[in-house]
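Visitor: Contents of run36.cif (mmCIF, C-alpha atoms) are given next:
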```
data_upload
#
loop_
_atom_site.label_atom_id
_atom_site.label_comp_id
_atom_site.auth_asym_id
_atom_site.auth_seq_id
_atom_site.Cartn_x
_atom_site.Cartn_y
_atom_site.Cartn_z
CA MET A 2 0.00 0.00 0.00
CA GLY A 3 3.06 2.23 -0.31
CA LEU A 4 1.74 3.68 -3.55
CA ILE A 5 -1.61 4.72 -2.02
CA LYS A 6 0.23 6.29 0.91
CA PHE A 7 2.41 8.24 -1.51
CA ILE A 8 -0.64 9.42 -3.49
CA LYS A 9 -2.30 10.54 -0.26
CA SER A 10 0.83 12.46 0.76
CA LEU A 11 0.45 14.58 -2.38
CA GLU A 12 -2.81 16.06 -1.06
CA PRO A 13 -1.76 19.72 -1.62
CA LEU A 14 -1.09 18.87 -5.28
CA TRP A 15 -4.51 17.22 -5.75
CA TRP A 16 -6.24 20.05 -4.00
CA SER A 17 -4.46 22.66 -6.15
CA LEU A 18 -5.42 20.79 -9.33
CA PHE A 19 -8.96 20.53 -7.94
CA GLY A 20 -9.08 24.30 -7.41
CA LEU A 21 -7.60 25.11 -10.81
CA GLY A 22 -9.93 22.64 -12.55
CA GLY A 23 -12.90 24.10 -10.72
CA ALA A 24 -12.02 27.63 -11.85
CA ILE A 25 -11.59 26.48 -15.45
CA ALA A 26 -14.85 24.52 -15.40
CA ALA A 27 -16.71 27.47 -13.87
CA PHE A 28 -15.36 30.18 -16.18
CA LEU A 29 -14.58 28.49 -19.50
CA PHE A 30 -17.12 25.68 -19.80
CA PRO A 31 -20.08 28.10 -19.88
CA ALA A 32 -18.37 30.09 -22.65
CA HIS A 33 -17.88 26.91 -24.70
CA ILE A 34 -21.45 25.80 -24.07
CA LEU A 35 -22.70 29.24 -25.12
CA ILE A 36 -20.61 29.44 -28.31
CA GLN A 37 -20.59 25.79 -29.44
CA GLY A 38 -23.89 24.71 -27.97
CA VAL A 39 -26.14 27.74 -28.47
CA LEU A 40 -24.82 30.58 -30.63
CA ILE A 41 -23.46 28.48 -33.52
CA PRO A 42 -26.39 26.02 -33.77
CA ALA A 43 -28.81 28.96 -33.50
CA GLY A 44 -27.12 30.62 -36.45
CA ILE A 45 -26.08 33.73 -34.51
CA LEU A 46 -22.45 32.84 -35.24
CA PRO A 47 -21.57 31.38 -38.67
CA LYS A 48 -22.29 27.61 -38.78
CA ASP A 49 -19.12 26.71 -40.66
CA MET A 50 -17.04 27.54 -37.56
CA LEU A 51 -17.75 24.03 -36.33
CA GLN A 52 -16.82 22.35 -39.62
CA TYR A 53 -13.96 19.87 -39.36
CA GLU A 54 -11.55 21.76 -41.65
CA ASN A 55 -11.99 25.02 -39.78
CA PHE A 56 -11.66 23.41 -36.37
CA ALA A 57 -8.64 21.35 -37.43
CA GLY A 58 -7.06 24.51 -38.81
CA LEU A 59 -7.59 26.18 -35.44
CA LEU A 60 -5.91 23.25 -33.71
CA SER A 61 -2.77 23.54 -35.82
CA SER A 62 -1.68 26.35 -33.49
CA PRO A 63 0.25 25.06 -30.46
CA ILE A 64 -1.36 27.69 -28.23
CA VAL A 65 -4.86 26.40 -29.09
CA ARG A 66 -3.67 22.84 -28.45
CA ILE A 67 -2.34 23.78 -25.02
CA TYR A 68 -5.60 25.62 -24.33
CA PHE A 69 -7.72 22.56 -25.14
CA LEU A 70 -5.38 20.33 -23.14
CA ALA A 71 -5.81 22.58 -20.09
CA LEU A 72 -9.56 22.62 -20.69
CA ILE A 73 -9.61 18.81 -20.54
CA VAL A 74 -6.91 17.94 -18.00
CA PHE A 75 -7.57 20.25 -15.04
CA PRO A 76 -11.33 19.67 -14.81
CA LEU A 77 -10.55 15.91 -14.91
CA TYR A 78 -8.60 16.27 -11.66
CA HIS A 79 -11.37 18.46 -10.29
CA ALA A 80 -13.87 15.67 -10.98
CA ALA A 81 -11.50 13.00 -9.60
CA HIS A 82 -11.05 14.86 -6.31
CA ARG A 83 -14.76 15.54 -5.94
CA ILE A 84 -15.72 11.93 -6.68
CA ARG A 85 -13.10 10.72 -4.18
CA MET A 86 -14.34 13.07 -1.43
CA THR A 87 -17.96 12.09 -2.03
CA LEU A 88 -17.35 8.34 -2.12
CA GLU A 89 -15.07 8.44 0.94
CA ASP A 90 -18.01 9.61 3.02
CA LEU A 91 -19.91 6.43 2.11
CA ARG A 92 -17.25 4.62 4.18
CA ILE A 93 -16.91 1.50 2.06
CA GLY A 94 -13.67 0.10 3.46
CA TRP A 95 -12.20 -1.75 0.48
CA LEU A 96 -13.22 1.07 -1.88
CA ASN A 97 -11.72 3.81 0.31
CA ALA A 98 -8.44 1.92 0.40
CA ILE A 99 -8.00 2.15 -3.38
CA LEU A 100 -10.04 5.31 -4.05
CA PRO A 101 -7.12 7.76 -4.40
CA LEU A 102 -5.42 5.46 -6.91
CA LEU A 103 -8.69 4.90 -8.77
CA CYS A 104 -9.64 8.59 -9.01
CA TYR A 105 -6.31 10.32 -9.60
CA GLY A 106 -5.00 7.34 -11.56
CA GLY A 107 -8.06 7.50 -13.78
CA ALA A 108 -7.69 11.25 -14.28
CA THR A 109 -4.00 10.77 -15.10
CA ALA A 110 -4.75 7.98 -17.57
CA ILE A 111 -7.35 10.08 -19.41
CA SER A 112 -5.00 13.08 -19.32
CA ILE A 113 -2.19 11.06 -20.91
CA SER A 114 -4.52 9.80 -23.62
CA ALA A 115 -5.62 13.41 -24.24
CA VAL A 116 -1.98 14.44 -24.61
CA VAL A 117 -1.39 11.56 -27.05
CA VAL A 118 -4.47 12.44 -29.11
CA ILE A 119 -3.57 16.14 -29.28
CA LEU A 120 0.08 15.41 -30.16
CA ARG A 121 -1.02 13.10 -32.97
CA LEU A 122 -3.30 15.68 -34.56
CA PRO A 123 -2.14 16.60 -38.07
CA MET B 16 -54.71 29.66 32.51
CA ALA B 17 -51.38 31.10 31.50
CA ASP B 18 -49.79 30.29 28.18
CA GLN B 19 -47.58 27.18 28.20
CA ILE B 20 -44.75 25.75 26.12
CA LYS B 21 -43.61 22.15 25.65
CA LEU B 22 -39.93 21.20 25.88
CA THR B 23 -38.86 17.69 24.92
CA ILE B 24 -35.46 16.94 26.41
CA TRP B 25 -33.45 13.84 25.52
CA ARG B 26 -32.22 12.30 28.76
CA TYR B 27 -29.33 9.93 29.25
CA ASN B 28 -28.20 8.38 32.50
CA PRO B 29 -24.75 6.77 32.52
CA ASP B 30 -25.75 4.55 35.45
CA ASN B 31 -28.01 2.67 33.09
CA GLY B 32 -25.60 2.08 30.24
CA PRO B 33 -22.12 2.48 28.78
CA ASP B 34 -20.43 5.88 28.77
CA ASN B 35 -20.80 6.56 25.08
CA ARG B 36 -23.33 7.97 22.65
CA PRO B 37 -25.99 5.28 22.88
CA ASP B 38 -28.41 4.09 20.30
CA LYS B 39 -31.87 5.30 21.01
CA GLY B 40 -32.55 2.58 23.56
CA ASP B 41 -33.84 2.79 27.09
CA GLU B 42 -30.86 4.76 28.36
CA TYR B 43 -31.41 7.56 25.83
CA ARG B 44 -35.02 8.66 26.02
CA PRO B 45 -37.07 11.79 25.52
CA GLN B 46 -38.91 13.45 28.39
CA THR B 47 -41.45 16.18 27.78
CA PHE B 48 -41.90 19.07 30.19
CA THR B 49 -44.77 21.54 29.92
CA ILE B 50 -43.86 24.81 31.60
CA PRO B 51 -45.30 28.35 31.73
CA TYR B 52 -44.40 30.38 28.65
CA GLN B 53 -42.53 33.63 29.32
CA LYS B 54 -41.83 35.51 26.11
CA ASP B 55 -38.58 37.01 27.43
CA TRP B 56 -37.12 33.68 28.56
CA SER B 57 -34.19 32.09 26.81
CA ILE B 58 -34.13 28.30 26.53
CA LEU B 59 -31.52 28.34 29.31
CA ASP B 60 -34.00 30.20 31.56
CA ALA B 61 -36.53 27.48 30.83
CA LEU B 62 -33.97 24.78 31.72
CA ASN B 63 -33.15 26.58 34.97
CA HIS B 64 -36.88 26.69 35.71
CA ILE B 65 -37.20 22.94 35.09
CA LYS B 66 -34.12 22.17 37.23
CA ALA B 67 -35.37 24.34 40.11
CA GLU B 68 -39.11 23.62 40.02
CA VAL B 69 -39.82 20.40 38.12
CA ASP B 70 -36.96 17.89 37.93
CA GLY B 71 -33.73 18.48 39.84
CA SER B 72 -32.03 15.49 38.21
CA LEU B 73 -31.67 17.28 34.85
CA SER B 74 -28.02 17.95 33.94
CA TYR B 75 -26.72 20.62 31.56
CA ARG B 76 -23.82 23.08 31.36
CA TRP B 77 -24.11 26.82 31.61
CA SER B 78 -22.35 29.78 33.12
CA CYS B 79 -22.42 33.33 31.78
CA ARG B 80 -25.93 33.66 30.22
CA MET B 81 -24.53 36.17 27.72
CA ALA B 82 -23.01 34.13 24.87
CA ILE B 83 -19.38 34.49 25.89
CA CYS B 84 -18.53 31.40 27.98
CA GLY B 85 -19.60 28.91 25.30
CA SER B 86 -20.92 26.31 27.79
CA CYS B 87 -24.61 26.03 26.98
CA GLY B 88 -24.53 24.71 23.41
CA MET B 89 -27.20 22.12 22.63
CA MET B 90 -29.09 20.78 19.65
CA VAL B 91 -32.21 22.95 19.51
CA ASN B 92 -34.70 21.31 17.14
CA GLY B 93 -31.74 19.61 15.47
CA THR B 94 -29.51 22.70 15.08
CA PRO B 95 -26.57 23.46 17.38
CA ARG B 96 -27.33 26.72 19.22
CA LEU B 97 -26.28 28.55 22.38
CA THR B 98 -29.37 28.17 24.57
CA CYS B 99 -28.66 31.39 26.48
CA SER B 100 -29.18 33.44 23.34
CA THR B 101 -31.99 31.38 21.82
CA TYR B 102 -35.39 32.56 23.02
CA LEU B 103 -38.66 30.72 23.58
CA ASN B 104 -40.55 33.31 21.53
CA GLU B 105 -38.76 32.06 18.41
CA PHE B 106 -40.63 28.73 18.77
CA HIS B 107 -43.84 29.38 20.71
CA PRO B 108 -46.53 28.05 20.27
CA ASN B 109 -44.61 25.12 18.74
CA GLU B 110 -42.61 22.82 20.96
CA ILE B 111 -38.85 22.69 21.38
CA THR B 112 -36.71 19.56 21.26
CA LEU B 113 -33.36 19.67 23.06
CA GLU B 114 -30.59 17.13 22.55
CA PRO B 115 -26.96 17.07 23.65
CA LEU B 116 -24.50 18.39 21.03
CA ALA B 117 -24.14 15.96 18.16
CA ASN B 118 -20.85 14.17 17.35
CA PHE B 119 -19.70 14.05 21.02
CA PRO B 120 -20.08 11.23 23.56
CA ILE B 121 -22.71 12.02 26.22
CA ILE B 122 -21.79 12.18 29.90
CA LYS B 123 -25.28 12.78 31.24
CA ASP B 124 -28.45 14.29 29.75
CA LEU B 125 -27.33 17.45 27.89
CA VAL B 126 -23.71 17.31 29.07
CA VAL B 127 -21.22 16.02 26.47
CA ASP B 128 -17.61 14.89 26.77
CA LEU B 129 -15.34 17.54 25.19
CA THR B 130 -12.03 15.73 25.85
CA ASP B 131 -11.45 15.12 22.15
CA PHE B 132 -11.95 18.78 21.28
CA MET B 133 -9.73 19.95 24.14
CA ASP B 134 -6.93 17.60 22.99
CA LYS B 135 -7.22 18.93 19.44
CA LEU B 136 -7.27 22.52 20.61
CA ARG B 137 -4.09 21.94 22.61
CA SER B 138 -2.42 20.26 19.62
CA VAL B 139 -2.51 23.46 17.53
CA LYS B 140 -0.85 25.52 20.30
CA PRO B 141 -3.41 28.32 20.39
CA TRP B 142 -1.18 30.90 22.00
CA ILE B 143 1.44 33.37 20.80
CA ILE B 144 4.77 31.65 20.19
CA ARG B 145 7.96 33.76 20.10
CA GLU B 146 10.85 31.59 19.07
CA ASN B 147 13.74 33.67 17.82
CA LYS B 148 13.99 36.13 20.62
CA LYS B 149 16.75 38.50 19.59
CA ASP B 150 19.24 39.43 22.29
CA ASP B 151 18.38 43.09 21.96
CA GLU B 152 14.63 42.51 21.82
CA ASP B 153 12.93 44.77 24.30
CA THR B 154 10.58 42.48 26.20
CA SER B 155 9.54 45.13 28.70
CA SER B 156 7.27 46.95 26.26
CA GLU B 157 4.26 45.89 24.23
CA TYR B 158 4.43 44.44 20.72
CA LEU B 159 2.66 47.15 18.78
CA GLN B 160 0.36 46.32 15.87
CA THR B 161 -1.19 48.44 13.19
CA PRO B 162 -4.99 48.33 12.90
CA ALA B 163 -4.56 46.40 9.63
CA GLN B 164 -2.37 43.78 11.35
CA MET B 165 -4.99 43.30 14.02
CA GLU B 166 -7.79 43.19 11.48
CA SER B 167 -6.15 40.18 9.78
CA TYR B 168 -6.91 37.85 12.71
CA TYR B 169 -9.57 39.71 14.74
CA GLN B 170 -12.56 37.79 13.37
CA GLN B 171 -11.07 34.39 14.25
CA SER B 172 -10.01 35.64 17.69
CA LEU B 173 -13.70 35.91 18.65
CA CYS B 174 -14.00 32.11 18.98
CA ILE B 175 -15.39 31.07 22.37
CA ASN B 176 -14.75 27.30 22.03
CA CYS B 177 -18.46 26.50 22.26
CA THR B 178 -17.99 23.53 19.85
CA LEU B 179 -21.24 24.25 17.98
CA CYS B 180 -19.18 23.97 14.79
CA TYR B 181 -18.07 20.45 15.73
CA ALA B 182 -21.68 19.43 16.32
CA ALA B 183 -22.62 20.87 12.91
CA CYS B 184 -19.65 19.46 10.98
CA PRO B 185 -20.56 16.35 8.95
CA ALA B 186 -16.86 15.65 8.29
CA TYR B 187 -16.16 15.50 12.04
CA GLY B 188 -19.22 13.29 12.47
CA LEU B 189 -17.83 10.83 9.94
CA HIS B 190 -14.11 11.07 10.71
CA SER B 191 -13.47 11.75 14.39
CA ASP B 192 -9.75 12.17 13.60
CA PHE B 193 -10.52 15.42 11.77
CA LEU B 194 -8.95 18.39 13.57
CA GLY B 195 -12.21 20.30 13.10
CA PRO B 196 -13.40 23.87 12.46
CA ALA B 197 -12.62 25.75 15.69
CA ALA B 198 -9.11 24.35 16.12
CA ILE B 199 -8.21 25.31 12.55
CA ALA B 200 -9.84 28.74 12.87
CA LEU B 201 -7.70 29.35 15.96
CA THR B 202 -4.60 28.15 14.12
CA TYR B 203 -5.40 30.76 11.50
CA ARG B 204 -5.88 33.38 14.21
CA TYR B 205 -2.41 32.81 15.71
CA ASN B 206 -0.61 32.22 12.40
CA ASN B 207 -1.87 35.57 11.17
CA ASP B 208 -0.92 37.47 14.30
CA SER B 209 2.10 39.65 13.52
CA ARG B 210 3.50 38.92 17.00
CA ASP B 211 3.43 35.15 16.49
CA GLN B 212 6.26 32.98 15.12
CA GLY B 213 4.72 29.54 15.57
CA ARG B 214 3.43 28.81 12.05
CA GLU B 215 5.98 26.02 11.52
CA ASP B 216 5.14 24.47 14.90
CA ARG B 217 1.49 24.19 13.93
CA ARG B 218 1.95 23.09 10.33
CA LYS B 219 2.52 19.39 11.05
CA VAL B 220 -0.89 19.14 12.71
CA VAL B 221 -2.85 21.49 10.47
CA ALA B 222 -1.43 20.85 6.99
CA ALA B 223 -2.02 17.13 7.37
CA GLU B 224 -4.43 14.50 6.12
CA ASN B 225 -6.56 14.91 9.25
CA GLY B 226 -6.06 18.67 9.26
CA VAL B 227 -7.36 21.08 6.64
CA TRP B 228 -7.47 18.42 3.91
CA LYS B 229 -10.31 16.54 5.64
CA CYS B 230 -12.62 19.56 5.21
CA PRO B 231 -15.08 19.08 2.32
CA VAL B 232 -16.27 22.73 2.53
CA VAL B 233 -19.81 22.03 3.65
CA GLY B 234 -19.87 25.37 5.48
CA ASP B 235 -22.25 24.42 8.30
CA CYS B 236 -19.61 25.49 10.85
CA THR B 237 -19.88 29.06 9.58
CA GLU B 238 -23.70 28.91 9.59
CA VAL B 239 -23.98 27.91 13.26
CA CYS B 240 -21.10 29.99 14.69
CA PRO B 241 -22.62 32.37 17.27
CA LYS B 242 -19.60 34.69 17.05
CA HIS B 243 -19.39 34.84 13.22
CA VAL B 244 -15.84 33.48 13.25
CA ASP B 245 -16.37 31.93 9.79
CA PRO B 246 -14.25 28.80 10.38
CA SER B 247 -14.95 27.60 6.83
CA ALA B 248 -13.20 30.60 5.27
CA ALA B 249 -10.30 30.23 7.72
CA ILE B 250 -9.92 26.57 6.70
CA GLN B 251 -9.98 27.36 2.96
CA ARG B 252 -7.38 30.14 3.37
CA THR B 253 -5.25 27.76 5.42
CA LYS B 254 -5.50 25.22 2.57
CA VAL B 255 -4.13 27.83 0.16
CA ASN B 256 -1.28 28.73 2.53
CA SER B 257 -0.50 25.05 3.14
CA ALA B 258 -0.47 24.26 -0.59
CA VAL B 259 1.81 27.23 -1.32
CA SER B 260 4.31 26.27 1.39
CA TRP B 261 4.15 22.66 0.20
CA PHE B 262 5.13 23.68 -3.34
CA PHE B 263 7.88 25.95 -1.99
CA SER B 264 9.33 23.15 0.12
CA PHE B 265 9.43 21.06 -3.07
CA LEU B 266 11.30 23.79 -4.91
CA LYS B 267 13.79 24.02 -2.09
CA GLY B 268 14.47 20.30 -2.51
CA GLY B 269 12.52 19.10 0.51
CA LYS B 270 10.10 16.23 0.58
CA GLY B 271 7.09 18.49 0.48
CA GLU B 272 5.39 18.33 3.85
#
```
When written as structure tokens, how does the structure in this file appear?

Guide:
Amino acid sequence: MGLIKFIKSLEPLWWSLFGLGGAIAAFLFPAHILIQGVLIPAGILPKDMLQYENFAGLLSSPIVRIYFLALIVFPLYHAAHRIRMTLEDLRIGWLNAILPLLCYGGATAISISAVVVILRLP
Amino acid sequence: MADQIKLTIWRYNPDNGPDNRPDKGDEYRPQTFTIPYQKDWSILDALNHIKAEVDGSLSYRWSCRMAICGSCGMMVNGTPRLTCSTYLNEFHPNEITLEPLANFPIIKDLVVDLTDFMDKLRSVKPWIIRENKKDDEDTSSEYLQTPAQMESYYQQSLCINCTLCYAACPAYGLHSDFLGPAAIALTYRYNNDSRDQGREDRRKVVAAENGVWKCPVVGDCTEVCPKHVDPSAAIQRTKVNSAVSWFFSFLKGGKGE
């Protein structure tokens, strides 16, 4: 259980990622929902903005790639921390023992796959 | 016939059972008292009336009657309140249910065992620590503070250790190892005092798994605090400070404590 103990000792790191992810989710997600989910489908912004060629062109810039990576990665850790805190209070012994590994490990695994996907974009 | 009010008080007698918070069995039972209603009585006045006139075996703590000693906290209709500053007229004509503070073992009736809280309070060293006394430091005069320096800890210094926040805290209810709201608020109070040098002394206890990191920011401690200490905000600010010093200790090549 040395690994779990080590993960638990990184609590300030998880909490910082949780805070950062929460801020990103609170401030940027609504903007994305508004633009991609409402304004473009409603025709207020031009519909071709969401077309594959245009979006892929946008993603050729490294700054946009880093932006989307941050948009995905930090809220993942936010969700992981929140799920861990919620489930811990259910006091299921065997689950609590592996919960930090499950949550932060899961967030890390999805983050790595996001990095791989974004790096492999044309 | 004068107006009356009903008080249901949960009684517990240690002679009839183990010295711990019991399940609602025979040892832990409600008893209803119907007493004259006086609109200017606090609940504590009503308890004193019951103790003097109706049932002398009732046990509860109280002292100052003016919300400064922090002794008379109880669960009033399920919410932790100071009974000296909670008045009958808030509830009349409905009845009032009194229980001992939640999350603590009961000693007798409305008296709870605060040993755990006292141990935790002591563990954060809630006093001013001066460590590096310089040789030429003038200890005969006062340590002066600007109004802004005092303002930075004044709110947390109002804590009266009434433990209402512990009774309200679901995290403390689930994990009794949690340091808890008042102890962390007082850590914040001394850490932010310009005269204090004990931040490092307190960090091991506070910036730990059972310290600030156990707090899930429910905020009930702040809701029930009779002195508006806002323990929840103190805990969140302490989390930020702890995280910053943790990252700095990493940068300096430490293990990150």

Visitor: Tell me which residues the PyMOL selection byres ((chain B) within 8 of (chain A)) grabs here, as a ChimeraX atom specification.

Guide: /B:189,224,228,231,254,257-258,261

Visitor: Expand the PyMOL selection byres ((chain B and resi 141) around 10) into the individual residues it matches in the shown file, reporting them as an NGL selection string.

Guide: :B and (136-140 or 142-144 or 198-206 or 213 or 217)

Visitor: Any chance you could resolve the PyMOL selection byres ((chain A and resi 26-32) around 12) against this file and give the residues as an MDAnalysis selection string?

Guide: chainID A and resid 18:25 33:40 68:69 71:80

Visitor: How many Å lie between CA of Ile58 (chain B) and CA of Thr130 (chain B), rounded to one decimal?

Guide: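 According to the coordinates, CA of Ile58 (chain B) and CA of Thr130 (chain B) are separated by 25.4 Å.
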
Visitor: Report, in Å to a single decimal, how far apart CA of Ile20 (chain B) and CA of Ser57 (chain B) are.

Guide: 12.3 Å

Visitor: Find the residue from B:Leu125, B:Val69, B:Gly85, B:Cys240 that sits nearest to Arg44 (chain B); use all atoms listed in the file when measuring.

Guide: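 Closest to Arg44 (chain B), using all atoms listed in the file: B:Leu125.
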